[in-house]
$ cat protein_3.cif   # mmCIF, C-alpha atoms and all ligand atoms
data_my_file
loop_
_atom_site.label_atom_id
_atom_site.label_comp_id
_atom_site.auth_asym_id
_atom_site.auth_seq_id
_atom_site.Cartn_x
_atom_site.Cartn_y
_atom_site.Cartn_z
CA MET A 1 77.56 104.80 102.25
CA HIS A 2 76.99 108.29 100.79
CA HIS A 3 77.68 109.00 97.13
CA LYS A 4 77.57 112.37 95.50
CA LYS A 5 77.98 113.37 91.91
CA ASN A 6 81.43 114.81 91.18
CA GLN A 7 82.62 113.86 94.62
CA THR A 8 86.39 113.67 94.95
CA LEU A 9 88.10 110.81 96.76
CA GLY A 10 89.21 113.26 99.46
CA GLU A 11 85.61 114.36 100.04
CA PHE A 12 84.34 110.79 99.94
CA ILE A 13 86.81 109.68 102.62
CA ILE A 14 85.79 112.49 104.97
CA GLU A 15 82.08 112.04 104.32
CA ASN A 16 82.14 108.31 104.98
CA GLN A 17 84.63 108.07 107.81
CA ASP A 18 81.98 108.03 110.53
CA SER A 19 80.23 105.05 108.97
CA PHE A 20 83.37 103.00 109.49
CA LYS A 21 83.00 100.86 112.58
CA TYR A 22 86.37 101.66 114.19
CA SER A 23 86.27 105.29 113.12
CA SER A 24 89.09 107.33 114.62
CA GLY A 25 90.31 109.09 111.50
CA GLU A 26 93.36 106.85 111.41
CA LEU A 27 92.10 104.69 108.56
CA SER A 28 91.11 107.80 106.61
CA LYS A 29 94.63 109.17 106.92
CA LEU A 30 95.98 105.86 105.76
CA ILE A 31 93.79 105.80 102.63
CA ASN A 32 94.83 109.39 101.97
CA ALA A 33 98.49 108.38 102.07
CA ILE A 34 97.83 105.53 99.64
CA ARG A 35 96.06 107.99 97.35
CA LEU A 36 99.14 110.24 97.44
CA ALA A 37 101.63 107.45 96.74
CA ALA A 38 99.39 106.21 93.91
CA LYS A 39 99.63 109.61 92.23
CA VAL A 40 103.41 109.62 92.50
CA VAL A 41 103.70 106.11 91.07
CA ASN A 42 101.16 106.96 88.37
CA HIS A 43 103.29 109.91 87.29
CA GLU A 44 106.36 107.68 86.96
CA VAL A 45 104.52 104.84 85.20
CA ASN A 46 103.09 107.33 82.70
CA LYS A 47 106.48 108.55 81.57
CA ALA A 48 108.25 105.20 81.95
CA GLY A 49 109.61 105.14 78.39
CA LEU A 50 111.22 108.56 78.79
CA VAL A 51 113.13 108.38 82.04
CA ASP A 52 115.23 105.21 81.98
CA ILE A 53 112.95 103.34 84.35
CA LEU A 54 112.08 100.44 82.07
CA GLY A 55 113.67 97.04 82.43
CA LYS A 56 115.16 94.95 85.17
CA ALA A 57 116.70 96.42 88.31
CA GLY A 58 119.33 93.67 88.42
CA GLU A 59 118.10 92.08 91.66
CA THR A 60 115.73 89.22 92.39
CA ASN A 61 113.16 89.37 95.18
CA ILE A 62 112.76 86.72 97.89
CA GLN A 63 110.36 84.83 95.64
CA GLY A 64 112.98 84.45 92.95
CA GLU A 65 111.43 86.97 90.55
CA ASP A 66 113.51 89.52 88.62
CA GLN A 67 112.70 92.91 90.05
CA GLN A 68 111.88 95.57 87.49
CA LYS A 69 113.10 99.11 88.12
CA LEU A 70 109.49 100.17 88.56
CA ASP A 71 108.92 97.41 91.16
CA VAL A 72 111.69 98.98 93.22
CA PHE A 73 110.45 102.53 92.64
CA ALA A 74 106.83 101.74 93.54
CA ASN A 75 107.92 99.75 96.60
CA GLU A 76 109.99 102.68 97.92
CA LYS A 77 107.28 105.25 97.25
CA PHE A 78 104.55 103.32 99.03
CA ILE A 79 106.73 102.39 101.98
CA ASN A 80 108.20 105.88 102.40
CA THR A 81 104.84 107.61 102.05
CA LEU A 82 103.32 105.40 104.75
CA ALA A 83 106.35 105.33 107.05
CA ASN A 84 107.02 109.10 106.93
CA ARG A 85 103.46 109.90 107.94
CA GLU A 86 103.60 107.63 110.98
CA ILE A 87 100.17 106.26 110.30
CA VAL A 88 100.92 102.54 110.34
CA CYS A 89 102.85 100.33 112.71
CA GLY A 90 104.06 97.85 110.12
CA ILE A 91 104.31 97.15 106.41
CA ALA A 92 104.84 93.95 104.45
CA SER A 93 105.56 94.00 100.74
CA GLU A 94 106.02 91.51 97.95
CA GLU A 95 109.39 93.15 97.30
CA GLU A 96 110.74 92.94 100.88
CA ASP A 97 112.16 89.77 102.44
CA ASP A 98 110.66 90.55 105.85
CA PHE A 99 107.96 92.77 107.27
CA ILE A 100 109.02 96.27 108.34
CA ALA A 101 108.25 97.56 111.84
CA ILE A 102 107.69 101.31 111.80
CA ASN A 103 109.23 103.03 114.78
CA SER A 104 108.20 106.50 115.67
CA ASN A 105 108.75 108.87 118.58
CA ASP A 106 109.77 107.98 122.17
CA LYS A 107 106.22 107.09 123.14
CA GLY A 108 106.46 104.19 120.74
CA ASN A 109 104.27 103.72 117.74
CA GLN A 110 100.64 104.28 118.73
CA ASN A 111 99.15 103.29 115.38
CA LYS A 112 97.00 100.21 115.08
CA TYR A 113 97.10 99.35 111.37
CA VAL A 114 99.41 97.20 109.30
CA VAL A 115 99.50 97.40 105.52
CA LEU A 116 100.43 94.65 103.06
CA ILE A 117 101.20 95.65 99.49
CA ASP A 118 101.97 94.44 96.03
CA PRO A 119 103.56 97.73 94.95
CA LEU A 120 103.55 96.96 91.24
CA ASP A 121 101.37 94.16 89.99
CA GLY A 122 101.92 92.86 86.48
CA SER A 123 105.36 94.41 86.35
CA SER A 124 106.44 92.19 83.46
CA ASN A 125 103.97 94.25 81.38
CA VAL A 126 105.65 97.58 82.05
CA ASP A 127 108.14 97.37 79.20
CA VAL A 128 105.38 96.87 76.65
CA ASN A 129 103.11 99.68 77.83
CA VAL A 130 100.34 97.45 79.18
CA SER A 131 98.33 98.23 82.32
CA VAL A 132 99.89 97.54 85.69
CA GLY A 133 98.57 98.09 89.20
CA THR A 134 99.13 98.33 92.94
CA ILE A 135 97.26 96.16 95.47
CA PHE A 136 96.87 96.94 99.18
CA SER A 137 95.39 95.21 102.19
CA ILE A 138 94.88 96.70 105.68
CA TYR A 139 94.46 94.96 109.06
CA ARG A 140 94.30 96.01 112.68
CA ARG A 141 97.30 94.65 114.53
CA VAL A 142 96.61 91.81 116.98
CA THR A 143 99.55 92.46 119.33
CA PRO A 144 99.33 95.37 121.83
CA VAL A 145 99.60 98.93 120.52
CA GLY A 146 102.93 100.54 121.46
CA THR A 147 104.98 97.33 121.13
CA PRO A 148 106.91 96.43 117.96
CA VAL A 149 104.79 94.52 115.43
CA THR A 150 105.41 90.80 115.03
CA LEU A 151 104.79 88.28 112.26
CA GLU A 152 101.49 87.42 113.92
CA ASP A 153 100.14 90.87 113.00
CA PHE A 154 100.62 90.06 109.32
CA LEU A 155 99.57 86.41 109.22
CA GLN A 156 95.88 87.11 109.73
CA PRO A 157 93.19 85.49 107.60
CA GLY A 158 91.67 87.75 104.95
CA ASN A 159 88.35 87.82 106.79
CA GLN A 160 90.03 90.18 109.28
CA GLN A 161 90.81 92.86 106.66
CA VAL A 162 89.42 96.30 107.45
CA ALA A 163 90.11 97.70 104.00
CA ALA A 164 91.58 96.62 100.69
CA GLY A 165 91.90 97.98 97.21
CA TYR A 166 93.93 98.49 94.10
CA VAL A 167 95.13 101.15 91.75
CA VAL A 168 95.06 100.36 88.05
CA TYR A 169 97.43 102.43 85.92
CA GLY A 170 95.48 101.87 82.71
CA THR A 171 94.03 103.92 79.87
CA SER A 172 92.92 105.99 82.79
CA THR A 173 94.19 105.56 86.32
CA MET A 174 91.69 104.37 88.88
CA LEU A 175 91.70 103.70 92.61
CA VAL A 176 89.16 101.09 93.69
CA TYR A 177 88.67 100.17 97.33
CA THR A 178 86.44 98.82 100.04
CA THR A 179 86.20 99.27 103.79
CA GLY A 180 83.63 96.49 104.05
CA ASP A 181 80.68 98.56 102.87
CA GLY A 182 80.70 97.94 99.11
CA VAL A 183 83.27 98.80 96.47
CA ASN A 184 83.79 102.23 94.96
CA GLY A 185 85.99 103.29 92.05
CA PHE A 186 87.60 106.69 91.53
CA THR A 187 89.17 107.91 88.29
CA LEU A 188 92.16 110.24 88.26
CA ASN A 189 91.83 113.47 86.31
CA PRO A 190 95.52 113.77 85.45
CA ALA A 191 95.31 117.45 84.54
CA ILE A 192 94.54 118.43 88.12
CA GLY A 193 95.73 115.35 89.99
CA THR A 194 92.37 114.58 91.60
CA PHE A 195 90.50 111.28 91.86
CA TYR A 196 86.73 111.56 91.26
CA LEU A 197 84.07 109.02 92.15
CA SER A 198 83.27 107.50 88.76
CA HIS A 199 82.15 103.96 89.65
CA PRO A 200 79.96 103.98 92.78
CA ASN A 201 78.96 100.62 94.25
CA MET A 202 80.74 98.31 91.80
CA GLN A 203 79.28 94.82 91.38
CA PHE A 204 80.28 91.70 89.53
CA PRO A 205 77.43 90.69 87.21
CA GLU A 206 76.14 87.32 88.51
CA ASP A 207 76.96 85.77 85.16
CA GLY A 208 79.61 86.47 82.59
CA THR A 209 81.17 85.20 79.40
CA ILE A 210 84.86 85.94 80.00
CA TYR A 211 87.36 83.44 81.35
CA SER A 212 90.89 84.53 82.22
CA VAL A 213 93.67 82.02 82.70
CA ASN A 214 97.20 81.49 81.41
CA GLU A 215 96.34 78.73 78.96
CA GLY A 216 100.02 78.24 78.16
CA LYS A 217 100.14 76.21 81.36
CA TYR A 218 97.10 74.10 80.41
CA ILE A 219 98.81 70.71 80.29
CA HIS A 220 99.96 71.16 83.90
CA PHE A 221 96.48 71.93 85.30
CA HIS A 222 94.31 69.74 87.47
CA GLN A 223 91.74 67.72 85.47
CA GLY A 224 88.81 69.67 86.96
CA VAL A 225 90.27 72.97 85.69
CA LYS A 226 90.97 71.45 82.28
CA ASP A 227 87.39 70.23 82.02
CA TYR A 228 86.04 73.64 83.02
CA ILE A 229 88.17 75.33 80.35
CA LYS A 230 86.80 72.88 77.78
CA TYR A 231 83.29 73.68 79.02
CA CYS A 232 84.02 77.41 78.42
CA GLN A 233 85.12 76.62 74.87
CA GLN A 234 82.21 74.34 74.03
CA GLU A 235 79.50 75.49 71.62
CA GLU A 236 76.18 75.81 73.49
CA GLY A 237 73.90 78.70 74.48
CA ASP A 238 76.13 81.73 75.13
CA ARG A 239 79.23 79.58 74.78
CA PRO A 240 81.97 79.47 73.67
CA TYR A 241 82.98 82.10 76.17
CA THR A 242 85.57 84.69 75.37
CA SER A 243 89.10 84.31 76.66
CA ARG A 244 90.81 87.47 77.96
CA TYR A 245 94.12 87.41 79.85
CA ILE A 246 96.30 90.46 80.31
CA GLY A 247 98.75 88.98 82.79
CA SER A 248 98.19 91.76 85.34
CA LEU A 249 95.89 90.44 88.04
CA VAL A 250 94.61 93.95 88.78
CA SER A 251 93.61 94.60 85.18
CA ASP A 252 92.15 91.15 84.65
CA PHE A 253 90.11 91.46 87.85
CA HIS A 254 88.98 95.00 87.03
CA ARG A 255 87.71 93.99 83.59
CA ASN A 256 85.92 90.93 84.93
CA MET A 257 84.25 92.90 87.72
CA ILE A 258 82.87 95.37 85.20
CA LYS A 259 81.93 92.93 82.44
CA GLY A 260 81.36 89.64 84.28
CA GLY A 261 83.96 86.90 84.20
CA ILE A 262 86.14 84.41 86.04
CA TYR A 263 89.87 84.65 86.80
CA MET A 264 91.84 81.47 87.46
CA TYR A 265 95.38 80.88 88.64
CA PRO A 266 95.35 77.17 89.52
CA LYS A 267 98.09 75.07 91.00
CA SER A 268 99.82 72.91 88.42
CA SER A 269 101.97 69.85 88.25
CA VAL A 270 105.01 72.20 88.43
CA THR A 271 103.84 74.77 90.99
CA GLN A 272 101.79 72.99 93.64
CA GLU A 273 100.77 76.22 95.37
CA GLY A 274 99.88 78.25 92.31
CA LYS A 275 101.60 81.57 91.78
CA LEU A 276 99.63 84.37 93.38
CA ARG A 277 100.51 85.54 96.87
CA LEU A 278 97.82 85.03 99.49
CA LEU A 279 98.61 88.15 101.51
CA TYR A 280 99.41 90.73 98.82
CA GLU A 281 97.22 89.57 95.96
CA CYS A 282 94.53 87.00 96.78
CA ASN A 283 93.15 88.31 100.07
CA PRO A 284 92.65 91.92 99.00
CA MET A 285 91.11 90.83 95.69
CA ALA A 286 88.90 88.34 97.54
CA PHE A 287 87.65 91.05 99.91
CA LEU A 288 86.83 93.30 96.95
CA ALA A 289 85.19 90.42 95.08
CA GLU A 290 82.92 89.48 97.99
CA GLN A 291 82.04 93.12 98.61
CA ALA A 292 81.08 93.32 94.92
CA ASN A 293 78.81 90.26 94.87
CA GLY A 294 81.51 87.92 93.58
CA ILE A 295 83.30 84.83 94.93
CA ALA A 296 86.97 84.05 95.62
CA THR A 297 88.06 80.52 96.42
CA GLY A 298 91.22 78.48 96.50
CA GLY A 299 89.27 75.50 95.16
CA LYS A 300 88.07 73.94 98.40
CA THR A 301 88.34 76.83 100.82
CA ARG A 302 87.12 80.41 100.73
CA ILE A 303 90.27 82.49 100.18
CA MET A 304 89.58 84.77 103.15
CA ASP A 305 89.27 81.81 105.53
CA ILE A 306 92.76 80.47 104.84
CA LYS A 307 95.00 80.85 107.88
CA PRO A 308 98.32 82.13 106.50
CA THR A 309 101.51 80.41 107.62
CA GLU A 310 104.13 82.52 105.84
CA LEU A 311 104.43 86.06 104.55
CA HIS A 312 105.06 85.16 100.92
CA GLN A 313 102.73 82.17 100.80
CA ARG A 314 101.20 81.31 97.42
CA VAL A 315 97.76 79.77 96.85
CA PRO A 316 95.60 78.71 93.89
CA PHE A 317 93.09 81.46 93.15
CA PHE A 318 89.69 81.40 91.42
CA CYS A 319 87.63 84.54 91.51
CA GLY A 320 84.78 86.30 89.78
CA SER A 321 81.09 86.21 88.94
CA LYS A 322 79.06 83.96 91.24
CA ASN A 323 77.52 81.64 88.68
CA MET A 324 80.80 81.13 86.87
CA VAL A 325 82.80 80.31 90.01
CA ASN A 326 80.04 77.97 91.19
CA LYS A 327 80.13 76.18 87.85
CA LEU A 328 83.90 75.81 88.06
CA GLN A 329 83.49 74.37 91.53
CA GLU A 330 81.18 71.65 90.19
CA PHE A 331 84.00 70.58 87.88
CA LEU A 332 86.61 70.69 90.65
CA GLU A 333 84.45 68.59 92.95
CA LYS A 334 84.25 65.75 90.42
CA TYR A 335 87.90 65.00 91.04
CA HIS A 336 88.08 65.40 94.81
P1 LIG B 1 103.73 90.68 90.07
O1 LIG B 1 104.01 91.46 88.82
O2 LIG B 1 103.25 91.54 91.19
O3 LIG B 1 104.87 89.77 90.49
O4 LIG B 1 102.46 89.76 89.82
C1 LIG B 1 102.43 88.91 88.72
C2 LIG B 1 101.23 88.05 88.79
C3 LIG B 1 99.91 88.71 88.41
O5 LIG B 1 99.88 90.05 88.20
C4 LIG B 1 99.55 88.09 87.10
O6 LIG B 1 98.20 87.93 87.00
C5 LIG B 1 100.30 86.82 87.10
O7 LIG B 1 101.42 87.00 87.89
C6 LIG B 1 100.70 86.43 85.72
O8 LIG B 1 101.39 85.25 85.78
P2 LIG B 1 101.72 84.40 84.47
O9 LIG B 1 102.67 85.22 83.67
O10 LIG B 1 102.32 83.14 85.02
O11 LIG B 1 100.41 84.14 83.75
MN MN B 2 106.66 90.27 91.28
MN MN B 3 101.27 90.92 91.64
MN MN B 4 104.32 93.00 92.22
#
$ encode --input "protein_3.cif" --output "structure tokens"
Amino acid sequence: MHHKKNQTLGEFIIENQDSFKYSSGELSKLINAIRLAAKVVNHEVNKAGLVDILGKAGETNIQGEDQQKLDVFANEKFINTLANREIVCGIASEEEDDFIAINSNDKGNQNKYVVLIDPLDGSSNVDVNVSVGTIFSIYRRVTPVGTPVTLEDFLQPGNQQVAAGYVVYGTSTMLVYTTGDGVNGFTLNPAIGTFYLSHPNMQFPEDGTIYSVNEGKYIHFHQGVKDYIKYCQQEEGDRPYTSRYIGSLVSDFHRNMIKGGIYMYPKSSVTQEGKLRLLYECNPMAFLAEQANGIATGGKTRIMDIKPTELHQRVPFFCGSKNMVNKLQEFLEKYH
């Protein structure tokens, strides 16, 4: 992986495309399209209070969540940007009931990649001007090129991802991604609309003092999780740890990767599967975490080794600094 001072994302993609094992330029084009859609969505998110795009869209998605207007906007922008450029053969999105097969010219679609996206993550935070994000995950299709994609192309375990990343629309907007050779972060200079490499080779510190969990659901958690939370709060050494929870996975993950921490979205007595979506949220974050010296587990199984059974499947998710996740696991194992 080559890094250069002041390198733009565009330059970085070109410079590193040969180091990618399936290099054909196709993946580079795909990342370029994501970069473009991210800028469009960023522009809209930035002026959200001014242009009547706050609030609910009036529909619910297949998972029973109220769609925000910006969920719908971001979903359309990402899908259209990818579909119009004919660089993918299929797309699946948190906001779509089914996957979308992209048809192109008479020769059939010759592209080999499918993309799975959470177009706007943390969308309930939009109305209150708190950071939101976009998460993406890229696989090579498993069915033959030139035929329409099938569900099988999307239900691949996370260990088959060729790239994954997120955009965080925060105090500054960043695009962070991996192609399996470390994690790099690029910050948008909004004046000129260019992403610059600002965070080369991002790594989770091995240890941390931040735990992130929705403690409002505490009474519904598994005893092992409850005990771990109590451990975090206990007075000893560098403890009590600090609790930080934004409610946007992207932002919570981003902070923990930089500062050292653990993110938890356990199953509970009311939601047996947890809340986060395996394909759009957990797998891409798990790939980034492992590429950045962190861990992502569902409790018993490595997230990326779970064989998905449905598009919108939810799983418990624990992710972050190695020593913290290992410690949590000790607590979980006591109750197996
Ligand atoms: P989304 O906005 O894409 O539906 O995702 C919401 C997710 C995730 O971003 C966040 O970490 C989590 O839901 C928050 O859930 P709680 O409000 O239950 O804590
Ligand atoms: Mn949602
Ligand atoms: Mn989300
Ligand atoms: Mn979302």
$ residues_near_ligand --input "protein_3.cif" --ligand "ligand MN 2 (chain B)" --cutoff "8 Å" --atoms "only C-alpha atoms and all ligand atoms" --output "number ranges by chain"
A: 61, 63, 65-67, 71, 94-95, 118, 120-123
$ write_last_selection --input "protein_3.cif" --atoms "C-alpha atoms" --output "PDB file, keeping the file's coordinate frame"
ATOM      1  CA  ASN A  61     113.160  89.370  95.180  1.00  0.00           C
ATOM      2  CA  GLN A  63     110.360  84.830  95.640  1.00  0.00           C
ATOM      3  CA  GLU A  65     111.430  86.970  90.550  1.00  0.00           C
ATOM      4  CA  ASP A  66     113.510  89.520  88.620  1.00  0.00           C
ATOM      5  CA  GLN A  67     112.700  92.910  90.050  1.00  0.00           C
ATOM      6  CA  ASP A  71     108.920  97.410  91.160  1.00  0.00           C
ATOM      7  CA  GLU A  94     106.020  91.510  97.950  1.00  0.00           C
ATOM      8  CA  GLU A  95     109.390  93.150  97.300  1.00  0.00           C
ATOM      9  CA  ASP A 118     101.970  94.440  96.030  1.00  0.00           C
ATOM     10  CA  LEU A 120     103.550  96.960  91.240  1.00  0.00           C
ATOM     11  CA  ASP A 121     101.370  94.160  89.990  1.00  0.00           C
ATOM     12  CA  GLY A 122     101.920  92.860  86.480  1.00  0.00           C
ATOM     13  CA  SER A 123     105.360  94.410  86.350  1.00  0.00           C
TER      14      SER A 123
END
$ closest_residue --input "protein_3.cif" --among "A:Phe253, A:Tyr113, A:Phe99, A:Phe78" --to "Glu26 (chain A)" --atoms "all atoms listed in the file"
A:Tyr113
$ axis_aligned_box --input "protein_3.cif" --around "ligand LIG 1 (chain B)" --padding-each-side "4 Å" --output "lines of an AutoDock Vina configuration file"
center_x = 101.5
center_y = 87.3
center_z = 87.4
size_x = 14.7
size_y = 16.4
size_z = 15.5
$ atom_distance --input "protein_3.cif" --atom1 "CA of Asp252 (chain A)" --atom2 "CA of Glu59 (chain A)"
26.9 Å
$ atom_distance --input "protein_3.cif" --atom1 "CA of Met324 (chain A)" --atom2 "atom C6 of ligand LIG 1 (chain B)"
20.6 Å
$ closest_residue --input "protein_3.cif" --among "A:Asn129, A:Ser124, A:Ile31, A:Asn326" --to "Gly49 (chain A)" --atoms "only C-alpha atoms"
A:Asn129
$ residues_around --input "protein_3.cif" --residues "Phe287 (chain A)" --least-positions-apart "3" --cutoff "10 Å" --atoms "only C-alpha atoms" --output "VMD selection string"
chain A and resid 137 158 to 165 177 to 180 182 to 183 282 to 284 290 to 292 294 to 296 303 to 304
$ residues_around --input "protein_3.cif" --residues "region 216-221 of chain A" --least-positions-apart "6" --cutoff "7 Å" --atoms "all atoms listed in the file" --output "list of chain:residue names"
A:Pro266, A:Lys267, A:Ser268, A:Ser269, A:Val270
$ atom_distance --input "protein_3.cif" --atom1 "CA of Lys307 (chain A)" --atom2 "CA of Glu333 (chain A)"
22.0 Å
$ residues_around --input "protein_3.cif" --residues "region 230-240 of chain A" --least-positions-apart "3" --cutoff "10 Å" --atoms "all atoms listed in the file" --output "ChimeraX atom specification"
/A:208-211,224-227,243,324,327-328,331
$ residues_around --input "protein_3.cif" --residues "Asp207 (chain A)" --least-positions-apart "3" --cutoff "9 Å" --atoms "only C-alpha atoms" --output "list in words"
Phe204, Gly260, Gly261, Ser321, Lys322, Asn323 and Met324 of chain A
$ closest_residue --input "protein_3.cif" --among "A:Pro308, A:Pro200, A:Gly90, A:Gly247" --to "ligand LIG 1 (chain B)" --atoms "all atoms listed in the file"
A:Gly247
$ residues_around --input "protein_3.cif" --residues "Lys4 (chain A)" --least-positions-apart "2" --cutoff "10 Å" --atoms "all atoms listed in the file" --output "number ranges by chain"
A: 2, 6-8, 11-12, 15, 197, 200
$ closest_residue --input "protein_3.cif" --among "A:Leu30, A:Ile79, A:Ile53, A:Ile135" --to "ligand MN 3 (chain B)" --atoms "all atoms listed in the file"
A:Ile135
